[in-house]
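**Student:** The structure is given below, and queries will be raised subsequently.
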Amino acid sequence: MLAVGLMSGTSLDGIDAALVEVDGVDGSTSVRLRSFETLLMPADIRRRIERVCDLEESSSRLLCSLNFELGHLFSQAVGKVCESAGVSDTALTFVACHGQTVWHEPYPPRGWCAGTLQLGEASVIAREHGVTVVSDFRKADMAAGGQGAPLVPFSEQILYGDSERNVVLLNLGGIGNVTVLPRSNASGVFAFDTGPGNMMIDEACNRLFGMPFDRSGEIAKRGSVNKDLLEMLMSSPYLSKEPPKSTGREVFGAQAVDKILSAYRTIPPEDIVRTLAEFTSASVADTCVRFVEPRVSGSIDRLVVGGGGAHNPVILSGLSERLPNTEVMTQEDLGFSSDAKEAVAFAVLGNQTLHGCPSNVPSATGAAYPAVLGTITLPPQGWSPEVESCSRKA
């Protein structure tokens, strides 16, 4: 089957679209990446997402409008990746859309209910491309008592399992998360969010340098680690919390950077960025030593890094220094794509859903049972490319 997987993460930099061939189900699933594109997030949409994520700025009207705005944007990403591959959208069997997370709270305060919310109206994609859409993947896991995250372990188990090595897959998007694949026990797979990925670095780069991110770690390379700031960051209560656990912009977002810039005004800007990069590598390494190694038979043999953070050599070198007995490598070293990894993963999850098969990993999310993830949205009856073309002109 030909499918498109869509992913927009907490970094808010763009929408990743992976065109894949996916066949089989469960352990017999095969996946081949045909094409990958990233649709940059328009600045005005990014600002609106940030407003929705702010308790003081959000409103029902903004949520409603943004849900459909993002639906159209995700639909554009589908068109872009199909066009780049020379494939008509009529050849697609389905689209799997993660959506844009605007709130994720597995540990609500008293009086509130745990929940998660992703925006990006699936009906818009279904209508504009005449294709079945699978979306809202996280909610079924939360209904099963899980945290709704992380969800990529299922696909990682299929693609990266190794009977001879303890493999840890680290994804560094806005938030960092790991999937642990023990060599001796396939049923012992577990996963959780480590803490910050690129989110705080990106926010600091934007505030201090007017840049969306630290390309190739160039800013961090000019700075030095501030030990006091790093010690303060590493004291975050989240880092000592036992897995399963998940986090997001609510803990490691703009508000956290606000506090840093207010409390450490005398630190050179380059040192802020360098220290935040070190915070990412230090928190991951601490996680591996504290929570991963005790649960696998032996040390971590291989750490495979994906996501935007895989392109930051400062983070990679920090991981190598702090984990000297572990082979640290990127997705590209294995012939995969660091950037396409999560979009491909959701195409795999969408395939499971359409076959009526579960794809959460309860040992990773804390769910009480395996769950079939996602909501299925069918294309409109009587849809055809000609009808859609006329409706767009209208």
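By convention in this document, the chains of the structure tokens carry letters A, B, ... by their order, each chain's residues are numbered from 1, and ligands are numbered from 1 in the order they are shown.
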Mind checking which residues fall within 7 Å of region 229-240 of chain A, counting only C-alpha atoms, ignoring those fewer than 2 positions away in the same chain, and posting them as a count of residues only?

**Tutor:** 7

**Student:** Mind checking which residues fall within 7 Å of region 328-332 of chain A, counting only C-alpha atoms, ignoring those fewer than 2 positions away in the same chain, and posting them as a PyMOL selection string?

**Tutor:** chain A and resi 302-306+310+320+326+334-338

**Student:** Give me the residues near Leu373 (chain A) as a list in words, where near means some atom within 7 Å (using only C-alpha atoms) and where sequence neighbours in that chain fewer than 2 positions away do not count.

**Tutor:** Phe137, Arg138, Ala140, Asp141, Thr353, Pro358, Ser359 and Ala371 of chain A

**Student:** From the options A:Val4, A:Leu39, A:Val102, A:Ile125, which residue's atoms come nearest to Leu66 (chain A), counting only C-alpha atoms?

**Tutor:**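 Using only C-alpha atoms, the shortest distance to Leu66 (chain A) belongs to A:Val102.
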
**Student:** Could you give me, as a ChimeraX atom specification, the residues within 7 Å of Val133 (chain A), counting only C-alpha atoms and dropping anything in the same chain fewer than 4 positions from it?

**Tutor:** /A:94-96,122,126,376-378

**Student:** Please determine, counting only C-alpha atoms, which residue among A:Leu349, A:Ala18, A:Ile201, A:Val344 has the shortest atom-to-atom distance to Ser84 (chain A).

**Tutor:**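 Among the listed residues, the smallest separation from Ser84 (chain A) belongs to A:Ala18.
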
**Student:** Would you please work out which residue, of A:Ala144, A:Ala149, A:Val87, A:Leu181, is nearest to Tyr369 (chain A) when using only C-alpha atoms?

**Tutor:**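 Result for the nearest residue to Tyr369 (chain A): A:Ala144.
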
**Student:** Could you write out, as JSON, numbers by chain, all the residues of region 186-313 of chain A that DSSP marks as alpha helix (DSSP H)?

**Tutor:** {"A": [199, 200, 201, 202, 203, 204, 205, 206, 207, 208, 209, 218, 219, 220, 221, 222, 227, 228, 229, 230, 231, 232, 233, 234, 237, 238, 239, 240, 249, 250, 251, 252, 254, 255, 256, 257, 258, 259, 260, 261, 262, 263, 269, 270, 271, 272, 273, 274, 275, 276, 277, 278, 279, 280, 281, 282, 283, 284, 285, 286, 287, 313]}

**Student:** List the spatial neighbours of Asp339 (chain A) as a ChimeraX atom specification - criterion: any atom at most 8 Å away, only C-alpha atoms, same-chain residues fewer than 4 positions off excluded.

**Tutor:** /A:16,306-308

**Student:** Keeping C-alpha atoms for every residue in the selection just given, could you write it to a file as a PDB file, in the first residue's frame?

**Tutor:**
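And here is the file that came out, out22.pdb:
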```pdb
ATOM      1  CA  ASP A  16       7.245  16.312   7.853  1.00  0.00           C
ATOM      2  CA  GLY A 306      17.296  10.769  14.994  1.00  0.00           C
ATOM      3  CA  GLY A 307      15.293  13.966  14.692  1.00  0.00           C
ATOM      4  CA  GLY A 308      16.629  17.477  14.267  1.00  0.00           C
TER       5      GLY A 308
END
```

**Student:** One decimal, Å: what's the distance from CA of Leu119 (chain A) over to CA of Asn177 (chain A), could you say?

**Tutor:**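 The value is 21.3 Å.
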
**Student:** Select from region 2-41 of chain A every residue with an atom at most 12 Å from any atom of region 252-264 of chain A, then for each give the shortest pair of atoms and their distance in Å to one decimal, using only C-alpha atoms, rows by chain and rising number, as CSV.

**Tutor:**
```
residue,atom,partner,partner_atom,distance
A:Thr10,CA,A:Gly253,CA,8.9
A:Ser11,CA,A:Gly253,CA,9.3
A:Leu12,CA,A:Gly253,CA,11.4
```

**Student:** Those selected residues, please, written with C-alpha atoms and delivered as a short mmCIF file (atom, residue, chain, number, x, y, z; two decimals), in the first residue's frame.

**Tutor:**
```cif
data_model
loop_
_atom_site.label_atom_id
_atom_site.label_comp_id
_atom_site.auth_asym_id
_atom_site.auth_seq_id
_atom_site.Cartn_x
_atom_site.Cartn_y
_atom_site.Cartn_z
CA THR A 10 6.87 20.42 19.49
CA SER A 11 9.64 22.36 17.74
CA LEU A 12 6.97 23.92 15.45
#
```

**Student:** Taking a cut-off of 10 Å and counting only C-alpha atoms, can you build a table that, for each residue of region 97-204 of chain A near region 71-81 of chain A, reports the nearest atom pair and how far apart they are in Å (one decimal), sorted by chain then residue number, as JSON lines?

**Tutor:**
```
{"residue": "A:Cys97", "atom": "CA", "partner": "A:Phe74", "partner_atom": "CA", "distance": 7.9}
{"residue": "A:His98", "atom": "CA", "partner": "A:Phe74", "partner_atom": "CA", "distance": 9.8}
{"residue": "A:Gly99", "atom": "CA", "partner": "A:Phe74", "partner_atom": "CA", "distance": 8.0}
{"residue": "A:Gln100", "atom": "CA", "partner": "A:Phe74", "partner_atom": "CA", "distance": 9.6}
{"residue": "A:Leu119", "atom": "CA", "partner": "A:Gly71", "partner_atom": "CA", "distance": 7.7}
{"residue": "A:Gly120", "atom": "CA", "partner": "A:Gly71", "partner_atom": "CA", "distance": 4.1}
{"residue": "A:Glu121", "atom": "CA", "partner": "A:Gly71", "partner_atom": "CA", "distance": 4.4}
{"residue": "A:Ala122", "atom": "CA", "partner": "A:Gly71", "partner_atom": "CA", "distance": 6.3}
{"residue": "A:Ser123", "atom": "CA", "partner": "A:Gly71", "partner_atom": "CA", "distance": 7.8}
{"residue": "A:Val124", "atom": "CA", "partner": "A:Gly71", "partner_atom": "CA", "distance": 5.6}
{"residue": "A:Ile125", "atom": "CA", "partner": "A:Ser75", "partner_atom": "CA", "distance": 4.9}
{"residue": "A:Ala126", "atom": "CA", "partner": "A:Ser75", "partner_atom": "CA", "distance": 8.5}
{"residue": "A:Arg127", "atom": "CA", "partner": "A:Ser75", "partner_atom": "CA", "distance": 9.3}
{"residue": "A:Glu128", "atom": "CA", "partner": "A:Ser75", "partner_atom": "CA", "distance": 7.0}
{"residue": "A:His129", "atom": "CA", "partner": "A:Ser75", "partner_atom": "CA", "distance": 7.7}
```
